[in-house]
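Scroll down for the structure; my scribbles are underneath it.
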There are 2 protein chains.
Amino acid sequence: MTSSTTSEAPTVADIRAAATRLAGVATRTPLLESPLLNERLGGRLLVKAEPLQRTGSFKFRGAYNRIALIPQAARSRGVVAVSSGNHAQGVAAAAALLGAPATVVMPADAPAIKLANTRALGASVVTYDRHLDDRDAIASEFAERTGASFVHPFDDRWVIAGQGTVGLEIAAQAAELGVRPDAVLVCCGGGGLVSGTALALSEAAPGVPVWCVEPEAFDDTRRSLAANTRLSNPAAARSICDALLSPCPGAITFALNRRLLAGGLTVSDDEVLAAMRTAFESLKLVVEPGGAVAIAAALSGKLPISGRTVIAVASGGNVDPDLFRRALES
Amino acid sequence: MTSSTTSEAPTVADIRAAATRLAGVATRTPLLESPLLNERLGGRLLVKAEPLQRTGSFKFRGAYNRIALIPQAARSRGVVAVSSGNHAQGVAAAAALLGAPATVVMPADAPAIKLANTRALGASVVTYDRHLDDRDAIASEFAERTGASFVHPFDDRWVIAGQGTVGLEIAAQAAELGVRPDAVLVCCGGGGLVSGTALALSEAAPGVPVWCVEPEAFDDTRRSLAANTRLSNPAAARSICDALLSPCPGAITFALNRRLLAGGLTVSDDEVLAAMRTAFESLKLVVEPGGAVAIAAALSGKLPISGRTVIAVASGGNVDPDLFRRALES
């Protein structure tokens, strides 16, 4: 890729700088809760509502922070990204705001809403076959040919720093509520959101355990944490969580997660559908499958919540109507 | 009813006092927007997201403010209300927080989620036939027999003052965004929310036109404003907007609305379903039919939005999954 891809780990100072950069551009999303749901759970569940973020997921944070740091001359040659859809929209929206042409390599079977919105936000979309093509090679060839900067979906210092602003906000919002969380649950694909959030919390709310949550068939980070080395998912793995289908942990994200996380949890597709329905009923929030795994871990008792206060990050809400209707049937 | 029902019009000072009473109990709901949707509309639509309010609708505001003002001795004899479901939940939640037993008279065909939540919040529910029984007589008899205080769903000084806190928040949030709205759209059943909101805005953002929005078949306030006298809806009128099926404007609410509103708009059930789907896709917000009429008025061009900034109040999100799935098919 290009020389502007940064391969060092971010610092908490990087996250604070990202928060300053994002002020007035990204949304400080609310922590939602339902007293009735809390009563049913016998504990307190606070949901960080990133579906209400610009572009409908947290990905805008990292993309904007990353593209804002590309020098103007390079920025005008454009940016290129690979994404199943949320990073695509984040890059498209950030690039448009920052005056960079954007090209995104997306799987042909990405949710229609993600493909349509990425185009509507002004990006050029190149599709590939999720199970046959090498998306990185497509993006790499494009970057070399055009001089565009590659914006990695997770394994990048400035992308992780941007996602980490979720952690700073969680710490501040918990303090405003007078709450000290017993645990924070964050979804995990490549690990950018959970590593950035855990890094921010390590300083802003030290001692609060942060868990990553993955789909059962894509539990690479959970297994990698247990084995203390990066392991991959089987190529045949499938899940409805289209946002979390990364093949293996990132190098930077895993180095952070190994140091910072309490461990990894997994949830089934059925538990994800049930969590989407609960978010609909109790929080009035639209959550996509990959965005619902952290809530699912709390609701299904994978992490005990009785008598405790747990914060779950709902990472996005870009879900097609047909799949959402299926969740409402569950 | 009981002597504690208050029949004077509220003042802006009443609304400010309600805001103080509600601080830390009610949610300061966010103003949501979608840059992509704005681009499509050629204007700026800001949605006040009351589905994210405690109990899933604005009704908690007025109910809490009203019940908090019942003297302790009377409060222990309980409260009684009639409601299609959102006021029911607001009263149930507020009464529980304030230590008053609550009884709610609800139509037997109210959405299941509203019946279930009202009971879960600790209220006793008495059901009636929406087209045959006299719900006011049932509540009145109960109040006289038990000494419970009647909490009117809209035509009450302290209820209107509580709902008016929506207007104070809109003014403050618009100022925080550096925006002066060209219009504010608010749904209208009995008129409590729109009259309180308009009253608050008359002082907090003077000169901003406030419009009420009703279902086509329940346009009593629009017609009453035009005729300058209170008119009723035909008994045979039907709409999917279960929260907005009041027979005629309230006395207090209409006196305020006649003085304060720019006029009345109406929307069809199909426009409401389309607005629910747009809120799902673009805002990630679950909105019930009655809660979506103001958004529907903006989306359908009933109030021109091109080149303007319009604030629409989404008043609630308590909708059964089956009806929501129907909206996603539209």
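Ordering of the structure tokens sets the chain letters (A, B, ...), residue numbers begin anew at 1 in every chain, and ligands are numbered from 1 in the order given.
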All residues 9 Å or closer to Leu299 in chain B, only C-alpha atoms, same chain fewer than 4 positions away omitted, as JSON, numbers by chain: {"B": [41, 271, 274, 275, 278, 294, 295, 303, 304, 305]}
Those selected residues, please, written with N, CA, C and O atoms and delivered as a PDB file, in the first residue's frame.
ATOM      1  N   LEU B  41     -33.626  15.586   0.343  1.00  0.00           N
ATOM      2  CA  LEU B  41     -34.730  16.517   0.549  1.00  0.00           C
ATOM      3  C   LEU B  41     -34.388  17.918   0.054  1.00  0.00           C
ATOM      4  O   LEU B  41     -35.284  18.751  -0.131  1.00  0.00           O
ATOM      5  N   GLU B 271     -48.460   7.521   3.889  1.00  0.00           N
ATOM      6  CA  GLU B 271     -47.352   8.460   4.128  1.00  0.00           C
ATOM      7  C   GLU B 271     -46.705   8.196   5.490  1.00  0.00           C
ATOM      8  O   GLU B 271     -45.491   8.344   5.657  1.00  0.00           O
ATOM      9  N   ALA B 274     -44.465   5.117   5.127  1.00  0.00           N
ATOM     10  CA  ALA B 274     -43.230   5.496   4.422  1.00  0.00           C
ATOM     11  C   ALA B 274     -42.290   6.259   5.353  1.00  0.00           C
ATOM     12  O   ALA B 274     -41.064   6.081   5.308  1.00  0.00           O
ATOM     13  N   ALA B 275     -42.846   7.093   6.211  1.00  0.00           N
ATOM     14  CA  ALA B 275     -42.012   7.853   7.158  1.00  0.00           C
ATOM     15  C   ALA B 275     -41.370   6.916   8.179  1.00  0.00           C
ATOM     16  O   ALA B 275     -40.206   7.101   8.569  1.00  0.00           O
ATOM     17  N   THR B 278     -38.454   5.383   6.436  1.00  0.00           N
ATOM     18  CA  THR B 278     -37.344   6.330   6.297  1.00  0.00           C
ATOM     19  C   THR B 278     -36.624   6.517   7.637  1.00  0.00           C
ATOM     20  O   THR B 278     -35.386   6.586   7.674  1.00  0.00           O
ATOM     21  N   ALA B 294     -45.358  13.743  11.939  1.00  0.00           N
ATOM     22  CA  ALA B 294     -44.630  14.996  11.689  1.00  0.00           C
ATOM     23  C   ALA B 294     -43.525  14.772  10.662  1.00  0.00           C
ATOM     24  O   ALA B 294     -43.334  15.580   9.741  1.00  0.00           O
ATOM     25  N   ILE B 295     -42.813  13.650  10.793  1.00  0.00           N
ATOM     26  CA  ILE B 295     -41.797  13.306   9.788  1.00  0.00           C
ATOM     27  C   ILE B 295     -42.474  13.124   8.433  1.00  0.00           C
ATOM     28  O   ILE B 295     -41.977  13.590   7.399  1.00  0.00           O
ATOM     29  N   LEU B 303     -45.294  20.217   4.063  1.00  0.00           N
ATOM     30  CA  LEU B 303     -44.638  21.475   4.422  1.00  0.00           C
ATOM     31  C   LEU B 303     -43.339  21.506   3.622  1.00  0.00           C
ATOM     32  O   LEU B 303     -42.490  20.641   3.790  1.00  0.00           O
ATOM     33  N   PRO B 304     -43.186  22.476   2.737  1.00  0.00           N
ATOM     34  CA  PRO B 304     -41.976  22.517   1.891  1.00  0.00           C
ATOM     35  C   PRO B 304     -40.720  22.603   2.757  1.00  0.00           C
ATOM     36  O   PRO B 304     -40.673  23.368   3.723  1.00  0.00           O
ATOM     37  N   ILE B 305     -39.707  21.800   2.414  1.00  0.00           N
ATOM     38  CA  ILE B 305     -38.485  21.767   3.217  1.00  0.00           C
ATOM     39  C   ILE B 305     -37.276  22.220   2.396  1.00  0.00           C
ATOM     40  O   ILE B 305     -36.230  22.521   2.946  1.00  0.00           O
TER      41      ILE B 305
END
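All chain A residues having an atom within 6 Å of chain B, based on only C-alpha atoms, amount to A:Lys284, A:Leu285, A:Val286, A:Pro321, A:Arg325, A:Leu328.
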Output N, CA, C and O atoms for every residue in the selection just made, as an mmCIF file, in the first residue's frame.
data_model
loop_
_atom_site.group_PDB
_atom_site.id
_atom_site.type_symbol
_atom_site.label_atom_id
_atom_site.label_comp_id
_atom_site.auth_asym_id
_atom_site.auth_seq_id
_atom_site.Cartn_x
_atom_site.Cartn_y
_atom_site.Cartn_z
ATOM 1 N N LYS A 284 -35.815 1.128 21.087
ATOM 2 C CA LYS A 284 -36.290 1.838 19.881
ATOM 3 C C LYS A 284 -35.135 2.157 18.944
ATOM 4 O O LYS A 284 -35.143 3.149 18.213
ATOM 5 N N LEU A 285 -34.132 1.293 18.979
ATOM 6 C CA LEU A 285 -32.919 1.485 18.195
ATOM 7 C C LEU A 285 -32.813 0.389 17.141
ATOM 8 O O LEU A 285 -32.997 -0.791 17.438
ATOM 9 N N VAL A 286 -32.498 0.793 15.910
ATOM 10 C CA VAL A 286 -32.253 -0.164 14.825
ATOM 11 C C VAL A 286 -30.783 -0.584 14.900
ATOM 12 O O VAL A 286 -29.895 0.263 14.787
ATOM 13 N N PRO A 321 -34.073 -4.062 5.191
ATOM 14 C CA PRO A 321 -35.397 -4.311 5.767
ATOM 15 C C PRO A 321 -35.743 -5.798 5.874
ATOM 16 O O PRO A 321 -36.334 -6.225 6.868
ATOM 17 N N ARG A 325 -36.816 -7.577 9.282
ATOM 18 C CA ARG A 325 -38.123 -8.224 9.451
ATOM 19 C C ARG A 325 -37.938 -9.636 9.995
ATOM 20 O O ARG A 325 -38.732 -10.104 10.819
ATOM 21 N N LEU A 328 -37.510 -9.532 13.640
ATOM 22 C CA LEU A 328 -38.758 -9.253 14.354
ATOM 23 C C LEU A 328 -39.654 -10.478 14.429
ATOM 24 O O LEU A 328 -40.579 -10.519 15.236
#
Quick one: residues within 12 Å of range 9-11 of chain B, only C-alpha atoms, excluding same-chain residues fewer than 3 positions away - as a ChimeraX atom specification? /B:6,14-18,62,66,154-165,192,195-203,250-257
Considering only C-alpha atoms, return as a tab-separated table (two decimals) with N, CA, C and O atoms, in the first residue's frame whatever protein or nucleic-acid residues lie within 8 Å of Val105 in chain B, sequence-local ones (same chain, fewer than 4 positions apart) excluded.
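The file below, part-v7.tsv, is the result:
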chain	number	residue	atom	x	y	z
B	80	VAL	N	-55.53	7.61	38.39
B	80	VAL	CA	-56.23	6.85	37.37
B	80	VAL	C	-56.15	7.64	36.06
B	80	VAL	O	-56.16	8.88	36.07
B	81	ALA	N	-56.01	6.91	34.95
B	81	ALA	CA	-55.88	7.57	33.65
B	81	ALA	C	-56.59	6.76	32.59
B	81	ALA	O	-56.82	5.56	32.76
B	82	VAL	N	-56.97	7.42	31.50
B	82	VAL	CA	-57.44	6.72	30.31
B	82	VAL	C	-56.42	6.96	29.22
B	82	VAL	O	-55.87	8.05	29.11
B	83	SER	N	-56.14	5.92	28.43
B	83	SER	CA	-55.05	6.07	27.47
B	83	SER	C	-55.05	4.94	26.47
B	83	SER	O	-55.37	3.79	26.79
B	125	VAL	N	-54.44	-2.54	34.83
B	125	VAL	CA	-55.05	-2.16	33.55
B	125	VAL	C	-56.50	-2.63	33.51
B	125	VAL	O	-56.78	-3.79	33.80
B	126	VAL	N	-57.42	-1.71	33.18
B	126	VAL	CA	-58.82	-2.03	32.95
B	126	VAL	C	-59.08	-1.78	31.46
B	126	VAL	O	-58.81	-0.68	30.97
B	127	THR	N	-59.52	-2.81	30.73
B	127	THR	CA	-59.72	-2.62	29.29
B	127	THR	C	-61.18	-2.29	28.96
B	127	THR	O	-62.09	-2.64	29.71
B	128	TYR	N	-61.37	-1.60	27.83
B	128	TYR	CA	-62.72	-1.25	27.36
B	128	TYR	C	-62.75	-1.37	25.85
B	128	TYR	O	-61.70	-1.44	25.20
B	135	ARG	N	-65.03	5.43	28.09
B	135	ARG	CA	-63.85	5.26	28.94
B	135	ARG	C	-63.80	6.31	30.05
B	135	ARG	O	-63.35	6.04	31.16
B	138	ILE	N	-65.90	5.19	32.94
B	138	ILE	CA	-65.24	4.12	33.70
B	138	ILE	C	-64.21	4.73	34.66
B	138	ILE	O	-64.15	4.40	35.84
B	139	ALA	N	-63.40	5.66	34.14
B	139	ALA	CA	-62.36	6.27	34.96
B	139	ALA	C	-62.97	7.14	36.05
B	139	ALA	O	-62.51	7.13	37.21
Could you pull out the helix (DSSP H, G or I) residues of range 16-177 of chain A, going by DSSP on the backbone, and write them as a ChimeraX atom specification? /A:16-22,35-41,50-52,54-56,59-68,72-75,86-98,112-120,135-146,157-177
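The closest residue to Lys48 in chain B, picked from B:Gln173, B:Ser232, B:Ser7, B:Ser239 and counting only C-alpha atoms, is B:Gln173.
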Min atom-atom distance to Ser246 in chain A from the set A:Gly263, A:Pro234, A:Pro206, A:Gly189, counting only C-alpha atoms, belongs to A:Gly189
Long-range neighbours of Arg222 in chain B as a ChimeraX atom specification, 7 Å cut-off, only C-alpha atoms, 2 positions minimum in chain: /B:219-220,224-226,263-265
Please save N, CA and C atoms of the selected residues as a PDB file, in the first residue's frame.
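Below you can see out_36.pdb, which holds the result:
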ATOM      1  N   ASP B 219     -58.542  14.915  11.641  1.00  0.00           N
ATOM      2  CA  ASP B 219     -58.006  16.276  11.483  1.00  0.00           C
ATOM      3  C   ASP B 219     -58.845  17.304  12.232  1.00  0.00           C
ATOM      4  N   ASP B 220     -59.330  16.913  13.419  1.00  0.00           N
ATOM      5  CA  ASP B 220     -60.199  17.801  14.189  1.00  0.00           C
ATOM      6  C   ASP B 220     -59.518  19.127  14.527  1.00  0.00           C
ATOM      7  N   SER B 224     -60.731  22.651  13.331  1.00  0.00           N
ATOM      8  CA  SER B 224     -61.126  23.554  14.415  1.00  0.00           C
ATOM      9  C   SER B 224     -60.382  24.886  14.311  1.00  0.00           C
ATOM     10  N   LEU B 225     -59.099  24.817  13.931  1.00  0.00           N
ATOM     11  CA  LEU B 225     -58.329  26.051  13.761  1.00  0.00           C
ATOM     12  C   LEU B 225     -58.935  26.893  12.638  1.00  0.00           C
ATOM     13  N   ALA B 226     -59.319  26.221  11.556  1.00  0.00           N
ATOM     14  CA  ALA B 226     -59.884  26.944  10.413  1.00  0.00           C
ATOM     15  C   ALA B 226     -61.241  27.556  10.768  1.00  0.00           C
ATOM     16  N   GLY B 263     -50.851  26.610  11.827  1.00  0.00           N
ATOM     17  CA  GLY B 263     -51.910  25.910  11.115  1.00  0.00           C
ATOM     18  C   GLY B 263     -51.795  24.411  11.299  1.00  0.00           C
ATOM     19  N   GLY B 264     -52.641  23.690  10.562  1.00  0.00           N
ATOM     20  CA  GLY B 264     -52.677  22.236  10.682  1.00  0.00           C
ATOM     21  C   GLY B 264     -52.421  21.553   9.357  1.00  0.00           C
ATOM     22  N   LEU B 265     -51.722  20.430   9.396  1.00  0.00           N
ATOM     23  CA  LEU B 265     -51.429  19.625   8.206  1.00  0.00           C
ATOM     24  C   LEU B 265     -51.945  18.210   8.448  1.00  0.00           C
TER      25      LEU B 265
END
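Separating CA of Ala92 in chain A from CA of Ser315 in chain A is a distance of 17.9 Å.
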Check the DSSP output for the backbone and give back, as a PyMOL selection string, the residues of range 209-325 of chain B in strand (DSSP E or B). chain B and resi 210-215+263-267+285+309-314+316
Among the residues A:Leu37, A:Ala112, A:Ala143, A:Cys248, the one that comes closest to Arg230 in chain A [using only C-alpha atoms]: A:Cys248
